[in-house]
Amino acid sequence: MTPSPIKPLVVVAAGGTGGHMFPAQAFAEEMRARGWTIALVTDERGKKYATNFPADWRLEVDAATFGSKMPHKLLASALKLRHGTAEARKNFAKTKPSLIAGFGGYPSYPSLSAARSMGVPIIIHEQNSVLGRVNRLFAKAAKYVACGFDRLDRLPLAAEDRKRVVGNPVRNPIKAVREKPYPELTDTGPLNILVTGGSQGARLFGEVIPQAIASLPEAQRARLTVVQQAREEQVEVVRAAYREAGVKATVESFFSDMQDRLAAAHLVIARSGAGTVTELAVAGRPSILIPLGIAMDDHQTANAEGMVTGAAADVVPEPKFTAEMLAPLLLERISNAGVLRARAKASWQLGKPNAARELADLAEQAAGVTGKRDA
């Protein structure tokens, strides 16, 4: 009896936010389909986003930032990272990974540090248009620096020749939206607006957007159906604001069927996190984007740049995001179905639906196992 071939192991190291975890999951699904064994290294926060992550085994590490200027916090972080790296080295000595794939965030540091010291091949993937701190530290050690957007600020000069633009891997339900036509739209017919703010954007959106929509002419308000994500404590207030304005609205703190909401949307109002911008482009939806003002290195403004230059989105800086400013922009957009359709097409053309496949190709090249995987 011929023994089964040993499957190569990729360790996926990702920080504890959906922005890191969802692309990591899409990549892991592609690698598993190619016959790889998958391990996930993340922190306690990351576990919340990893319910469906296709990992054969998992390792939880303590998250530790090194951005503080307080000496005692820096020391504590350094000790945590040192301990995490030692644990990763011990684990890798036993499991013999063929590759470490880092998706950013501080929980990816121990795996990347251990891999660098042990000579295990590394690839990193940066979702944003500005290279994050951990990815910046390991860019020169990586076989490839894959990225979600053409623009990638803060990339070390020594790693420029290893930059590869693949896009951000997205989950299959979002990719399926790409195959659906843009919803039928006329200048006076029904129009669906999707508002998704994320945990750091929902409060401001809950204050500004209902007020702006309420100030629109009555004929326009009557056309609208709004689906809005709001903070838990704002849900009832936002619902009441739309009722008073005579606007049909569904307001919840979370939507488990976001792919269906996105498929039905004619226009999206959102932050410009890497995942959001990527999903809008893959789905082909026009948008009004409000970059998060406190985002490190103003990376959300950079993320939105391609959508603006590609005529797929408007960008409103957070300090200017008021009901008085938003209302005329909204009126202009919803009054012209032809423009929205053109923007939807422009957005669709910017989408990179094959990011997971292209990233997996790079991963196999970096590990030197191309063509050796199971059939």
# chains A, B, ... in the order shown; residues from 1 in each chain; ligands from 1
>>> select_by_dssp(residues="region 44-281 of chain A", states="helix (DSSP H, G or I)", output="number ranges by chain")
A: 44-47, 71-95, 106-118, 133-141, 157-162, 172-178, 202-214, 218-223, 232-245, 258-264, 274-281
>>> select_by_dssp(residues="region 129-307 of chain A", states="strand (DSSP E or B)", output="ChimeraX atom specification")
/A:130,144-147,153,163-165,191-196,224-229,248-252,267-270,287-289
>>> write_last_selection(atoms="N, CA and C atoms", output="compact mmCIF listing (two decimals), in the first residue's frame")
# COMPACT_ATOMS: atom_id res chain seq x y z
N VAL A 130 -1.13 51.61 2.52
CA VAL A 130 0.05 51.98 3.31
C VAL A 130 0.49 50.73 4.07
N TYR A 144 7.86 37.56 -1.23
CA TYR A 144 6.98 38.46 -1.96
C TYR A 144 6.24 39.35 -0.98
N VAL A 145 6.03 40.60 -1.39
CA VAL A 145 5.16 41.52 -0.66
C VAL A 145 3.94 41.73 -1.55
N ALA A 146 2.91 40.96 -1.29
CA ALA A 146 1.68 41.08 -2.07
C ALA A 146 0.83 42.20 -1.48
N CYS A 147 0.06 42.87 -2.34
CA CYS A 147 -0.71 44.01 -1.84
C CYS A 147 -2.05 44.11 -2.54
N ASP A 153 2.39 52.71 0.03
CA ASP A 153 3.31 53.60 0.70
C ASP A 153 4.06 52.86 1.82
N LYS A 163 7.45 43.46 -4.70
CA LYS A 163 6.05 43.88 -4.61
C LYS A 163 5.24 43.24 -5.74
N ARG A 164 4.09 42.70 -5.40
CA ARG A 164 3.18 42.11 -6.38
C ARG A 164 1.76 42.56 -6.06
N VAL A 165 1.10 43.20 -7.02
CA VAL A 165 -0.28 43.66 -6.82
C VAL A 165 -1.23 42.53 -7.21
N LEU A 191 -34.92 53.22 -5.36
CA LEU A 191 -33.46 53.26 -5.26
C LEU A 191 -33.06 52.79 -3.86
N ASN A 192 -32.11 51.87 -3.82
CA ASN A 192 -31.66 51.29 -2.55
C ASN A 192 -30.29 51.84 -2.14
N ILE A 193 -30.21 52.32 -0.93
CA ILE A 193 -28.95 52.82 -0.37
C ILE A 193 -28.52 51.91 0.77
N LEU A 194 -27.29 51.44 0.71
CA LEU A 194 -26.71 50.63 1.79
C LEU A 194 -25.70 51.47 2.54
N VAL A 195 -25.83 51.52 3.86
CA VAL A 195 -24.92 52.28 4.71
C VAL A 195 -24.23 51.31 5.66
N THR A 196 -22.93 51.18 5.52
CA THR A 196 -22.18 50.31 6.41
C THR A 196 -20.99 51.08 6.96
N LEU A 224 -36.71 56.06 -1.85
CA LEU A 224 -35.58 55.40 -1.19
C LEU A 224 -35.99 54.24 -0.28
N THR A 225 -35.12 53.24 -0.28
CA THR A 225 -35.10 52.22 0.76
C THR A 225 -33.67 52.21 1.30
N VAL A 226 -33.53 52.45 2.59
CA VAL A 226 -32.21 52.53 3.21
C VAL A 226 -31.99 51.30 4.08
N VAL A 227 -30.85 50.68 3.93
CA VAL A 227 -30.40 49.62 4.81
C VAL A 227 -29.16 50.15 5.52
N GLN A 228 -29.22 50.30 6.84
CA GLN A 228 -28.12 50.95 7.55
C GLN A 228 -27.67 50.14 8.75
N GLN A 229 -26.36 50.01 8.85
CA GLN A 229 -25.74 49.43 10.04
C GLN A 229 -25.51 50.56 11.04
N LYS A 248 -38.46 54.47 3.91
CA LYS A 248 -38.42 53.04 4.25
C LYS A 248 -36.99 52.67 4.64
N ALA A 249 -36.83 52.03 5.78
CA ALA A 249 -35.48 51.74 6.26
C ALA A 249 -35.43 50.47 7.10
N THR A 250 -34.33 49.75 6.95
CA THR A 250 -34.00 48.62 7.82
C THR A 250 -32.71 48.98 8.54
N VAL A 251 -32.77 49.07 9.85
CA VAL A 251 -31.62 49.49 10.64
C VAL A 251 -31.30 48.41 11.67
N GLU A 252 -30.08 47.89 11.61
CA GLU A 252 -29.65 46.86 12.55
C GLU A 252 -28.19 47.13 12.94
N LEU A 267 -26.43 52.26 -4.40
CA LEU A 267 -25.41 53.19 -3.92
C LEU A 267 -25.04 52.78 -2.50
N VAL A 268 -23.74 52.85 -2.20
CA VAL A 268 -23.26 52.48 -0.87
C VAL A 268 -22.56 53.68 -0.24
N ILE A 269 -22.85 53.91 1.03
CA ILE A 269 -22.13 54.91 1.81
C ILE A 269 -21.34 54.15 2.87
N ALA A 270 -20.02 54.35 2.91
CA ALA A 270 -19.19 53.50 3.76
C ALA A 270 -17.88 54.19 4.11
N SER A 287 -20.15 54.34 -4.86
CA SER A 287 -20.13 54.61 -3.43
C SER A 287 -19.79 56.06 -3.11
N ILE A 288 -20.12 56.42 -1.88
CA ILE A 288 -19.64 57.65 -1.25
C ILE A 288 -18.83 57.17 -0.06
N LEU A 289 -17.54 57.48 -0.06
CA LEU A 289 -16.63 56.96 0.94
C LEU A 289 -16.18 58.07 1.89
>>> residues_around(residues="Arg221 (chain A)", least_positions_apart="3", cutoff="10 Å", atoms="only C-alpha atoms", output="list in words")
Pro190, Leu191, Ile213, Ala214, Ser215, Leu216, Pro217, Glu218, Leu224, Thr225, Val226, Tyr242, Ala245, Gly246, Val247, Lys248 and Leu331 of chain A
>>> residues_around(residues="Glu184 (chain A)", least_positions_apart="6", cutoff="12 Å", atoms="only C-alpha atoms", output="MDAnalysis selection string")
chainID A and resid 190:192 263:266 337:338 340:341 344
>>> closest_residue(among="A:Asp297, A:Ala363, A:Asn354, A:Ala212", to="Pro328 (chain A)", atoms="only C-alpha atoms")
A:Ala212
>>> atom_distance(atom1="CA of Met296 (chain A)", atom2="CA of Gly18 (chain A)")
16.5 Å
>>> atom_distance(atom1="CA of Gly167 (chain A)", atom2="CA of Gly310 (chain A)")
15.7 Å
>>> residues_around(residues="Val41 (chain A)", least_positions_apart="6", cutoff="8 Å", atoms="only C-alpha atoms", output="PyMOL selection string")
chain A and resi 11-14+58-61+107-108+111
>>> write_last_selection(atoms="all heavy atoms", output="compact mmCIF listing (two decimals), in the first residue's frame")
# COMPACT_ATOMS: atom_id res chain seq x y z
N VAL A 11 1.41 28.23 7.50
CA VAL A 11 0.94 28.89 8.71
C VAL A 11 0.45 30.27 8.33
O VAL A 11 1.21 31.08 7.79
CB VAL A 11 2.05 28.99 9.77
CG1 VAL A 11 1.57 29.81 10.97
CG2 VAL A 11 2.48 27.59 10.22
N VAL A 12 -0.82 30.53 8.55
CA VAL A 12 -1.42 31.82 8.26
C VAL A 12 -1.45 32.63 9.55
O VAL A 12 -2.10 32.24 10.52
CB VAL A 12 -2.85 31.66 7.70
CG1 VAL A 12 -3.46 33.02 7.39
CG2 VAL A 12 -2.83 30.78 6.45
N ALA A 13 -0.71 33.74 9.56
CA ALA A 13 -0.61 34.59 10.75
C ALA A 13 -1.32 35.90 10.48
O ALA A 13 -0.97 36.62 9.54
CB ALA A 13 0.86 34.83 11.10
N ALA A 14 -2.32 36.21 11.29
CA ALA A 14 -3.13 37.39 11.01
C ALA A 14 -3.58 38.06 12.30
O ALA A 14 -3.83 37.39 13.31
CB ALA A 14 -4.36 37.00 10.18
N ARG A 58 -4.84 25.42 15.31
CA ARG A 58 -4.74 26.85 15.61
C ARG A 58 -3.80 27.08 16.78
O ARG A 58 -3.68 26.23 17.67
CB ARG A 58 -6.12 27.43 15.93
CG ARG A 58 -7.15 27.20 14.83
CD ARG A 58 -8.53 27.69 15.23
NE ARG A 58 -9.51 27.37 14.19
CZ ARG A 58 -10.52 28.14 13.84
NH1 ARG A 58 -10.71 29.29 14.47
NH2 ARG A 58 -11.34 27.77 12.89
N LEU A 59 -3.19 28.24 16.77
CA LEU A 59 -2.34 28.66 17.89
C LEU A 59 -2.73 30.08 18.25
O LEU A 59 -2.74 30.97 17.40
CB LEU A 59 -0.86 28.60 17.48
CG LEU A 59 0.16 29.07 18.54
CD1 LEU A 59 0.13 28.15 19.75
CD2 LEU A 59 1.57 29.10 17.93
N GLU A 60 -3.10 30.29 19.51
CA GLU A 60 -3.47 31.63 19.97
C GLU A 60 -2.27 32.29 20.63
O GLU A 60 -1.57 31.68 21.43
CB GLU A 60 -4.62 31.56 20.97
CG GLU A 60 -5.11 32.92 21.43
CD GLU A 60 -6.27 32.83 22.40
OE1 GLU A 60 -7.03 31.84 22.34
OE2 GLU A 60 -6.42 33.76 23.22
N VAL A 61 -2.00 33.52 20.26
CA VAL A 61 -0.90 34.28 20.85
C VAL A 61 -1.45 35.56 21.46
O VAL A 61 -2.53 36.03 21.11
CB VAL A 61 0.17 34.63 19.79
CG1 VAL A 61 0.83 33.38 19.24
CG2 VAL A 61 -0.43 35.45 18.65
N PRO A 107 -0.48 40.27 16.10
CA PRO A 107 -0.40 38.82 16.33
C PRO A 107 0.37 38.06 15.25
O PRO A 107 0.70 36.89 15.44
CB PRO A 107 -1.87 38.39 16.36
CG PRO A 107 -2.61 39.60 16.81
CD PRO A 107 -1.88 40.74 16.14
N SER A 108 0.65 38.69 14.12
CA SER A 108 1.44 38.00 13.09
C SER A 108 2.94 38.11 13.36
O SER A 108 3.73 37.37 12.75
CB SER A 108 1.12 38.58 11.70
OG SER A 108 1.57 39.91 11.57
N SER A 111 5.08 34.74 14.55
CA SER A 111 5.28 33.75 13.49
C SER A 111 6.30 34.22 12.46
O SER A 111 7.17 33.46 12.02
CB SER A 111 3.95 33.46 12.79
OG SER A 111 3.03 32.87 13.67
>>> closest_residue(among="A:Glu30, A:Thr42, A:Pro173, A:Asp298", to="Pro54 (chain A)", atoms="only C-alpha atoms")
A:Glu30
>>> residues_around(residues="Gly197 (chain A)", least_positions_apart="4", cutoff="12 Å", atoms="only C-alpha atoms", output="PyMOL selection string")
chain A and resi 201-209+227-231+252-255+268-273+276+288-292
>>> residues_around(residues="Ala101 (chain A)", least_positions_apart="3", cutoff="6 Å", atoms="only C-alpha atoms", output="number ranges by chain")
A: 12, 122-124
>>> write_last_selection(atoms="C-alpha atoms", output="PDB file, in the first residue's frame")
ATOM      1  CA  VAL A  12      -1.419  31.823   8.258  1.00  0.00           C
ATOM      2  CA  ILE A 122       7.770  34.164   4.195  1.00  0.00           C
ATOM      3  CA  ILE A 123       5.212  36.006   2.137  1.00  0.00           C
ATOM      4  CA  ILE A 124       3.250  38.955   3.448  1.00  0.00           C
TER       5      ILE A 124
END
>>> atom_distance(atom1="CA of Ala55 (chain A)", atom2="CA of Arg136 (chain A)")
26.0 Å
>>> closest_residue(among="A:Ala367, A:Arg223, A:Ala142, A:Glu87", to="Asp187 (chain A)", atoms="only C-alpha atoms")
A:Arg223
